[in-house]
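Here is work-v9.txt, consisting of compact mmCIF, C-alpha atoms:
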# COMPACT_ATOMS: atom_id res chain seq x y z
CA GLY A 163 5.10 -29.20 -6.87
CA ALA A 164 5.84 -26.35 -9.29
CA VAL A 165 9.47 -25.24 -9.17
CA VAL A 166 10.91 -22.01 -10.52
CA SER A 167 14.67 -21.73 -10.79
CA GLN A 168 16.44 -18.38 -10.99
CA HIS A 169 20.10 -17.85 -11.82
CA PRO A 170 22.43 -16.36 -10.74
CA SER A 171 21.58 -15.89 -7.08
CA ARG A 172 24.04 -13.05 -6.63
CA VAL A 173 25.89 -10.68 -8.95
CA ILE A 174 28.43 -8.02 -8.07
CA CYS A 175 29.74 -5.96 -10.96
CA LYS A 176 31.00 -2.59 -12.01
CA SER A 177 28.86 0.31 -13.15
CA GLY A 178 28.17 0.17 -16.89
CA THR A 179 28.05 -3.63 -17.07
CA SER A 180 25.05 -5.47 -18.48
CA VAL A 181 23.71 -8.35 -16.40
CA LYS A 182 21.46 -11.20 -17.54
CA ILE A 183 19.19 -13.06 -15.11
CA GLU A 184 17.50 -16.32 -16.08
CA CYS A 185 14.19 -17.64 -14.83
CA ARG A 186 13.15 -21.21 -15.61
CA SER A 187 10.03 -23.18 -14.82
CA LEU A 188 11.44 -26.65 -14.20
CA ASP A 189 8.41 -28.92 -14.22
CA PHE A 190 5.69 -26.96 -15.95
CA GLN A 191 5.15 -24.67 -18.90
CA ALA A 192 4.49 -20.99 -18.32
CA THR A 193 3.15 -18.77 -21.07
CA THR A 194 3.45 -15.84 -18.68
CA MET A 195 6.19 -15.04 -16.22
CA PHE A 196 6.53 -11.99 -14.01
CA TRP A 197 9.54 -9.96 -12.94
CA TYR A 198 9.49 -8.17 -9.60
CA ARG A 199 11.96 -5.96 -7.77
CA GLN A 200 12.19 -5.74 -3.99
CA PHE A 201 13.95 -3.05 -2.00
CA PRO A 202 14.76 -3.58 1.69
CA LYS A 203 11.66 -3.56 3.90
CA GLN A 204 9.46 -2.88 0.86
CA SER A 205 6.86 -4.80 -1.09
CA LEU A 206 7.64 -6.77 -4.17
CA MET A 207 6.96 -4.35 -7.03
CA LEU A 208 5.98 -5.67 -10.42
CA MET A 209 8.36 -4.53 -13.14
CA ALA A 210 7.04 -6.34 -16.18
CA THR A 211 4.97 -9.22 -17.45
CA SER A 212 6.83 -11.55 -19.77
CA ASN A 213 4.77 -13.27 -22.46
CA GLU A 214 6.10 -16.21 -24.44
CA GLY A 215 6.57 -15.32 -28.06
CA SER A 216 5.60 -11.67 -27.75
CA LYS A 217 6.77 -8.40 -26.27
CA ALA A 218 6.83 -7.90 -22.54
CA THR A 219 4.43 -5.50 -20.86
CA TYR A 220 6.18 -3.01 -18.62
CA GLU A 221 4.78 -1.23 -15.59
CA GLN A 222 4.68 2.54 -15.50
CA GLY A 223 8.07 4.01 -14.68
CA VAL A 224 10.06 0.94 -15.73
CA GLU A 225 12.37 1.65 -18.66
CA LYS A 226 11.96 -1.05 -21.27
CA ASP A 227 15.27 -0.17 -22.94
CA LYS A 228 17.09 -0.63 -19.65
CA PHE A 229 15.37 -3.81 -18.51
CA LEU A 230 15.25 -6.09 -21.54
CA ILE A 231 12.99 -9.11 -21.25
CA ASN A 232 13.02 -12.12 -23.52
CA HIS A 233 10.62 -15.04 -23.18
CA ALA A 234 11.80 -17.32 -25.93
CA SER A 235 10.27 -20.56 -24.72
CA LEU A 236 7.54 -21.82 -22.40
CA THR A 237 10.08 -22.53 -19.69
CA LEU A 238 12.55 -19.66 -19.88
CA SER A 239 12.41 -15.91 -19.44
CA THR A 240 15.44 -13.66 -19.15
CA LEU A 241 15.86 -10.17 -17.73
CA THR A 242 18.88 -8.17 -18.86
CA VAL A 243 19.78 -5.05 -16.93
CA THR A 244 21.68 -2.98 -19.47
CA SER A 245 24.43 -0.54 -18.51
CA ALA A 246 23.67 -1.06 -14.84
CA HIS A 247 24.26 1.73 -12.34
CA PRO A 248 24.36 1.69 -8.53
CA GLU A 249 20.70 2.72 -8.33
CA ASP A 250 19.80 -0.53 -10.11
CA SER A 251 21.13 -2.49 -7.15
CA SER A 252 18.21 -4.49 -5.78
CA PHE A 253 16.71 -7.94 -5.30
CA TYR A 254 15.11 -9.16 -8.53
CA ILE A 255 12.62 -12.03 -8.37
CA CYS A 256 10.74 -13.86 -11.09
CA SER A 257 7.56 -15.88 -10.82
CA ALA A 258 5.38 -18.12 -12.93
CA SER A 259 2.13 -19.98 -12.54
CA GLU A 260 0.77 -23.07 -14.19
CA GLY A 261 -2.71 -23.16 -15.59
CA SER A 262 -5.24 -20.38 -15.25
CA ARG A 263 -4.59 -16.86 -14.00
CA ASN A 264 -5.88 -17.30 -10.48
CA GLN A 265 -3.54 -20.18 -9.73
CA PRO A 266 -0.77 -19.40 -7.24
CA GLN A 267 2.45 -18.01 -8.57
CA HIS A 268 5.66 -19.78 -7.72
CA PHE A 269 8.76 -17.73 -7.21
CA GLY A 270 12.41 -18.18 -7.90
CA ASP A 271 14.90 -17.58 -5.11
CA GLY A 272 15.77 -14.14 -6.45
CA THR A 273 18.94 -12.47 -7.68
CA ARG A 274 20.78 -10.01 -5.47
CA LEU A 275 22.30 -7.45 -7.85
CA SER A 276 24.98 -5.13 -6.49
CA ILE A 277 26.46 -2.50 -8.79
CA LEU A 278 29.67 -0.88 -7.60
CA GLU B 48 -6.32 1.26 -7.45
CA ASP B 49 -5.67 -2.18 -5.97
CA GLN B 50 -3.96 -1.95 -2.60
CA VAL B 51 -2.77 -4.25 0.17
CA THR B 52 -1.90 -3.18 3.72
CA GLN B 53 -0.41 -5.57 6.24
CA SER B 54 -0.18 -5.14 9.99
CA PRO B 55 1.73 -5.21 12.18
CA GLU B 56 5.01 -4.52 10.39
CA ALA B 57 6.83 -6.68 12.92
CA LEU B 58 5.67 -9.14 15.54
CA ARG B 59 7.70 -10.78 18.27
CA LEU B 60 6.24 -13.84 19.96
CA GLN B 61 7.38 -16.33 22.52
CA GLU B 62 7.34 -19.93 21.41
CA GLY B 63 3.81 -21.24 21.92
CA GLU B 64 2.22 -17.77 21.98
CA SER B 65 -0.54 -17.74 19.37
CA SER B 66 -1.37 -14.60 17.37
CA SER B 67 -2.76 -13.27 14.10
CA LEU B 68 -1.44 -11.26 11.19
CA ASN B 69 -3.75 -8.92 9.29
CA CYS B 70 -4.02 -8.16 5.58
CA SER B 71 -6.46 -5.45 4.50
CA TYR B 72 -7.12 -5.07 0.82
CA THR B 73 -9.00 -3.08 -1.77
CA VAL B 74 -9.32 -4.59 -5.21
CA SER B 75 -11.70 -4.30 -8.11
CA GLY B 76 -12.94 -7.85 -8.37
CA LEU B 77 -10.92 -10.29 -6.32
CA ARG B 78 -9.62 -13.26 -8.26
CA GLY B 79 -7.59 -14.55 -5.37
CA LEU B 80 -5.77 -13.62 -2.17
CA PHE B 81 -2.43 -15.30 -1.59
CA TRP B 82 -0.25 -15.78 1.47
CA TYR B 83 3.46 -16.38 1.11
CA ARG B 84 6.34 -16.89 3.50
CA GLN B 85 9.68 -15.27 2.68
CA ASP B 86 12.96 -16.12 4.38
CA PRO B 87 15.88 -13.65 4.18
CA GLY B 88 17.56 -13.66 0.77
CA LYS B 89 14.99 -16.04 -0.69
CA GLY B 90 11.96 -15.81 -2.95
CA PRO B 91 8.45 -16.07 -1.50
CA GLU B 92 7.21 -19.58 -0.73
CA PHE B 93 3.54 -20.21 -1.45
CA LEU B 94 1.31 -20.99 1.54
CA PHE B 95 -2.38 -20.46 0.71
CA THR B 96 -4.85 -19.17 -1.85
CA LEU B 97 -8.27 -17.89 -0.79
CA TYR B 98 -10.87 -17.09 -3.41
CA SER B 99 -14.06 -16.03 -1.65
CA ALA B 100 -15.25 -14.52 1.63
CA GLY B 101 -15.76 -17.12 4.32
CA GLU B 102 -13.14 -19.44 2.96
CA GLU B 103 -10.53 -20.90 5.32
CA LYS B 104 -7.36 -22.90 4.69
CA GLU B 105 -5.08 -24.66 7.17
CA LYS B 106 -1.56 -26.00 7.06
CA GLU B 107 0.17 -27.22 10.20
CA ARG B 108 0.21 -24.28 12.66
CA LEU B 109 -1.13 -21.78 10.12
CA LYS B 110 -4.73 -20.95 9.29
CA ALA B 111 -5.83 -18.32 6.78
CA THR B 112 -9.27 -16.74 6.67
CA LEU B 113 -10.89 -14.29 4.30
CA THR B 114 -13.61 -11.64 4.47
CA LYS B 115 -14.62 -9.10 1.84
CA LYS B 116 -12.13 -6.56 3.20
CA GLU B 117 -9.36 -8.47 4.92
CA SER B 118 -7.59 -11.72 5.54
CA PHE B 119 -6.04 -13.08 8.71
CA LEU B 120 -3.19 -15.49 9.09
CA HIS B 121 -3.54 -17.19 12.45
CA ILE B 122 -0.47 -18.82 13.94
CA THR B 123 -1.16 -21.36 16.67
CA ALA B 124 1.59 -22.28 19.14
CA PRO B 125 4.38 -20.96 16.91
CA LYS B 126 7.89 -22.40 16.90
CA PRO B 127 11.18 -20.59 16.20
CA GLU B 128 11.23 -22.10 12.71
CA ASP B 129 8.08 -20.12 11.91
CA SER B 130 10.17 -16.94 12.05
CA ALA B 131 10.00 -15.29 8.61
CA THR B 132 8.32 -12.45 6.75
CA TYR B 133 4.76 -13.26 5.78
CA LEU B 134 3.49 -11.61 2.62
CA CYS B 135 -0.08 -11.10 1.51
CA ALA B 136 -0.95 -10.45 -2.14
CA VAL B 137 -4.10 -10.01 -4.20
CA GLN B 138 -4.91 -10.62 -7.81
CA GLY B 139 -7.65 -8.47 -9.30
CA GLU B 140 -9.86 -9.11 -12.27
CA GLY B 141 -8.15 -6.35 -14.23
CA SER B 142 -4.69 -7.82 -13.89
CA GLN B 143 -2.75 -9.93 -16.34
CA GLY B 144 -2.26 -12.42 -13.57
CA ASN B 145 0.27 -10.37 -11.61
CA LEU B 146 0.04 -9.92 -7.84
CA ILE B 147 -0.16 -6.78 -5.71
CA PHE B 148 1.83 -7.31 -2.55
CA GLY B 149 1.71 -5.82 0.92
CA LYS B 150 4.95 -4.92 2.68
CA GLY B 151 4.78 -7.99 4.85
CA THR B 152 4.85 -8.79 8.55
CA LYS B 153 8.19 -9.85 9.96
CA LEU B 154 7.55 -12.54 12.56
CA SER B 155 10.16 -13.47 15.17
CA VAL B 156 9.48 -16.38 17.48
CA LYS B 157 11.76 -16.66 20.49
CA PRO B 158 12.40 -20.04 22.15
Taking this structure as input, can you express it in the form of structure tokens?
Amino acid sequence: GAVVSQHPSRVICKSGTSVKIECRSLDFQATTMFWYRQFPKQSLMLMATSNEGSKATYEQGVEKDKFLINHASLTLSTLTVTSAHPEDSSFYICSASEGSRNQPQHFGDGTRLSIL
Amino acid sequence: EDQVTQSPEALRLQEGESSSLNCSYTVSGLRGLFWYRQDPGKGPEFLFTLYSAGEEKEKERLKATLTKKESFLHITAPKPEDSATYLCAVQGEGSQGNLIFGKGTKLSVKP
């Protein structure tokens, strides 16, 4: 089955630090990957759509200069939270699907980001 | 605007007590409705995809059904290991492939 690996699983760092999160599709190629954020007892909210070889598409209200996305290959997308502040603390999850758009998305295990 | 509402927010069952979770949705052109299971501190685990009204899918103690307005996840004779948050999501024709999620139903099954 399709496997998505996300790393690291947990990050604790000081305010002002930049944090990079990696998302890899292990056994399939993904031209599109998605980044979500989840607050406690809330839905997963789409932050951005990551497209291989082109610029990411950001959802309204998500600062593209703060959340840098790079999708350099068909199996890797990265999300960098720049100059993180306590309000950026959240659970970040990536997903990818193989094949056509209506195929199920497979999710990584998420990254718990805590900014002190 | 595409929207997903799940009910109840939380459900406590005794082991063996069957029940159903509801997912109501509004979407402009449904490409697919997806059910996921999420354990604490983990990413969602894919369960089912439903594409058209009348469709049903089964896996072990779980059965998902779909109408034009809602989907149900039926749990038959649940076990404690079925305890998790169950998420419903839709993909609309206007999307780039992303999903719109409900807030989930947190299921607790007591032995």
Exercise. Separation of atom CA of B:His121 and atom CA of B:Leu77, in Å?
Worked result: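 Between atom CA of B:His121 and atom CA of B:Leu77 the gap is 21.3 Å.
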Exercise. Which is closest to chain B among A:Lys176, A:Lys203, A:Lys217, A:Arg186, if we use all atoms listed in the file?
Worked result: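 Comparing A:Lys176, A:Lys203, A:Lys217, A:Arg186 against chain B, the winner is A:Lys203.
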For this session: Between A:Ser205, A:Thr244, A:Arg274, A:Ala258, single out the one closest to B:Ala136, counting all atoms listed in the file.
Result: A:Ser205
Exercise. With all atoms listed in the file as the atoms that count, which of A:Glu214, A:Asp227, A:Glu184, A:Asp189 lies nearest to A:Gly270?
Worked result: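 For A:Gly270, the nearest of the candidates is A:Glu184.
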For this session: Kindly indicate which residue among A:Phe229, A:Tyr254, A:Phe269, A:Phe190 lies nearest to chain B, using only C-alpha atoms for the distances.
Result: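 Between A:Phe229, A:Tyr254, A:Phe269, A:Phe190, the residue approaching chain B most closely is A:Phe269.
Nearest residue to B:Ser118, choosing from B:Gly79, B:Lys106, B:Gly139, B:Asn145 and counting only C-alpha atoms: B:Gly79.
Proximity of A:Pro248, A:Gly215, A:Gly163, A:Gly178 to chain B, computed with all atoms listed in the file, is greatest for A:Gly163.
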For this session: Write out as a list in words the residues lying within 12 Å of A:Gln265, counting only C-alpha atoms and excluding same-chain residues fewer than 4 positions away.
Result: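 Near neighbours after the sequence-gap exclusion: Ala164, Ala192, Ser257, Ala258, Ser259, Glu260 and Gly261 of chain A; Arg78, Gly79, Leu80, Phe81, Phe93, Phe95, Thr96, Leu97, Tyr98, Val137, Gln138, Gly144, Asn145 and Leu146 of chain B.
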Exercise. By how many Å are atom CA of A:Val181 and atom CA of A:Ser252 apart?
Worked result: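 These two atoms are separated by 12.6 Å.
Reported to one decimal place, the separation of atom CA of B:Asp49 from atom CA of A:Met195 is 20.3 Å.
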For this session: Identify every residue of chain A that has at least one atom within 10 Å of any atom of chain B, counting all atoms listed in the file, and report the result as JSON, numbers by chain.
Result: {"A": [166, 168, 171, 172, 194, 195, 196, 197, 198, 200, 202, 203, 204, 205, 206, 207, 208, 210, 211, 219, 253, 254, 255, 256, 257, 258, 259, 262, 263, 264, 265, 266, 267, 268, 269, 270, 271, 272, 273, 274]}
Might I get the box with edges along x, y and z of the file that holds all atoms of stretch 244-262 of chain A listed there, padded by 3 Å on every side, given as centre and edge lengths in Å to one decimal, as AutoDock Vina command-line options?
--center_x 9.6 --center_y -10.2 --center_z -12.4 --size_x 35.7 --size_y 31.9 --size_z 20.2
Could stretch 112-135 of chain B be completed with N, CA, C and O atoms and returned as a compact mmCIF listing (two decimals), in the frame of the given file?
# COMPACT_ATOMS: atom_id res chain seq x y z
N THR B 112 -7.84 -17.01 6.84
CA THR B 112 -9.27 -16.74 6.67
C THR B 112 -9.45 -15.51 5.81
O THR B 112 -8.54 -14.68 5.67
N LEU B 113 -10.65 -15.39 5.23
CA LEU B 113 -10.89 -14.29 4.30
C LEU B 113 -12.28 -13.70 4.48
O LEU B 113 -13.26 -14.43 4.61
N THR B 114 -12.33 -12.34 4.53
CA THR B 114 -13.61 -11.64 4.47
C THR B 114 -13.56 -10.76 3.22
O THR B 114 -12.59 -10.80 2.46
N LYS B 115 -14.58 -9.94 3.03
CA LYS B 115 -14.62 -9.10 1.84
C LYS B 115 -13.62 -7.95 1.89
O LYS B 115 -13.34 -7.31 0.87
N LYS B 116 -13.06 -7.69 3.07
CA LYS B 116 -12.13 -6.56 3.20
C LYS B 116 -10.75 -6.96 3.70
O LYS B 116 -9.80 -6.18 3.57
N GLU B 117 -10.64 -8.13 4.34
CA GLU B 117 -9.36 -8.47 4.92
C GLU B 117 -9.18 -9.98 5.05
O GLU B 117 -10.13 -10.76 4.93
N SER B 118 -7.93 -10.32 5.30
CA SER B 118 -7.59 -11.72 5.54
C SER B 118 -6.73 -11.77 6.80
O SER B 118 -5.99 -10.83 7.09
N PHE B 119 -6.86 -12.86 7.54
CA PHE B 119 -6.04 -13.08 8.71
C PHE B 119 -5.23 -14.36 8.53
O PHE B 119 -5.73 -15.36 7.99
N LEU B 120 -4.01 -14.30 9.01
CA LEU B 120 -3.19 -15.49 9.09
C LEU B 120 -2.98 -15.77 10.57
O LEU B 120 -2.29 -15.01 11.26
N HIS B 121 -3.63 -16.83 11.04
CA HIS B 121 -3.54 -17.19 12.45
C HIS B 121 -2.39 -18.18 12.64
O HIS B 121 -2.30 -19.17 11.90
N ILE B 122 -1.57 -17.92 13.64
CA ILE B 122 -0.47 -18.82 13.94
C ILE B 122 -0.69 -19.39 15.34
O ILE B 122 -0.69 -18.63 16.33
N THR B 123 -0.86 -20.68 15.40
CA THR B 123 -1.16 -21.36 16.67
C THR B 123 0.10 -22.02 17.21
O THR B 123 0.75 -22.77 16.50
N ALA B 124 0.42 -21.70 18.46
CA ALA B 124 1.59 -22.28 19.14
C ALA B 124 2.82 -22.25 18.25
O ALA B 124 3.38 -23.30 17.89
N PRO B 125 3.26 -21.06 17.85
CA PRO B 125 4.38 -20.96 16.91
C PRO B 125 5.69 -21.51 17.48
O PRO B 125 5.90 -21.51 18.70
N LYS B 126 6.55 -21.92 16.56
CA LYS B 126 7.89 -22.40 16.90
C LYS B 126 8.92 -21.46 16.28
O LYS B 126 8.59 -20.73 15.33
N PRO B 127 10.15 -21.48 16.77
CA PRO B 127 11.18 -20.59 16.20
C PRO B 127 11.32 -20.71 14.68
O PRO B 127 11.60 -19.72 14.01
N GLU B 128 11.10 -21.92 14.16
CA GLU B 128 11.23 -22.10 12.71
C GLU B 128 10.13 -21.42 11.91
O GLU B 128 10.19 -21.37 10.67
N ASP B 129 9.12 -20.89 12.58
CA ASP B 129 8.08 -20.12 11.91
C ASP B 129 8.52 -18.68 11.68
O ASP B 129 7.81 -17.91 11.02
N SER B 130 9.66 -18.31 12.22
CA SER B 130 10.17 -16.94 12.05
C SER B 130 10.45 -16.69 10.56
O SER B 130 11.17 -17.46 9.92
N ALA B 131 9.87 -15.62 10.03
CA ALA B 131 10.00 -15.29 8.61
C ALA B 131 9.19 -14.02 8.37
O ALA B 131 8.51 -13.53 9.27
N THR B 132 9.23 -13.53 7.15
CA THR B 132 8.32 -12.45 6.75
C THR B 132 7.16 -13.07 6.00
O THR B 132 7.36 -13.86 5.08
N TYR B 133 5.95 -12.72 6.41
CA TYR B 133 4.76 -13.26 5.78
C TYR B 133 4.14 -12.18 4.88
O TYR B 133 3.85 -11.07 5.33
N LEU B 134 3.98 -12.55 3.63
CA LEU B 134 3.49 -11.61 2.62
C LEU B 134 2.07 -11.98 2.20
O LEU B 134 1.75 -13.16 2.03
N CYS B 135 1.28 -10.95 2.02
CA CYS B 135 -0.08 -11.10 1.51
C CYS B 135 -0.14 -10.43 0.14
O CYS B 135 0.48 -9.37 -0.07
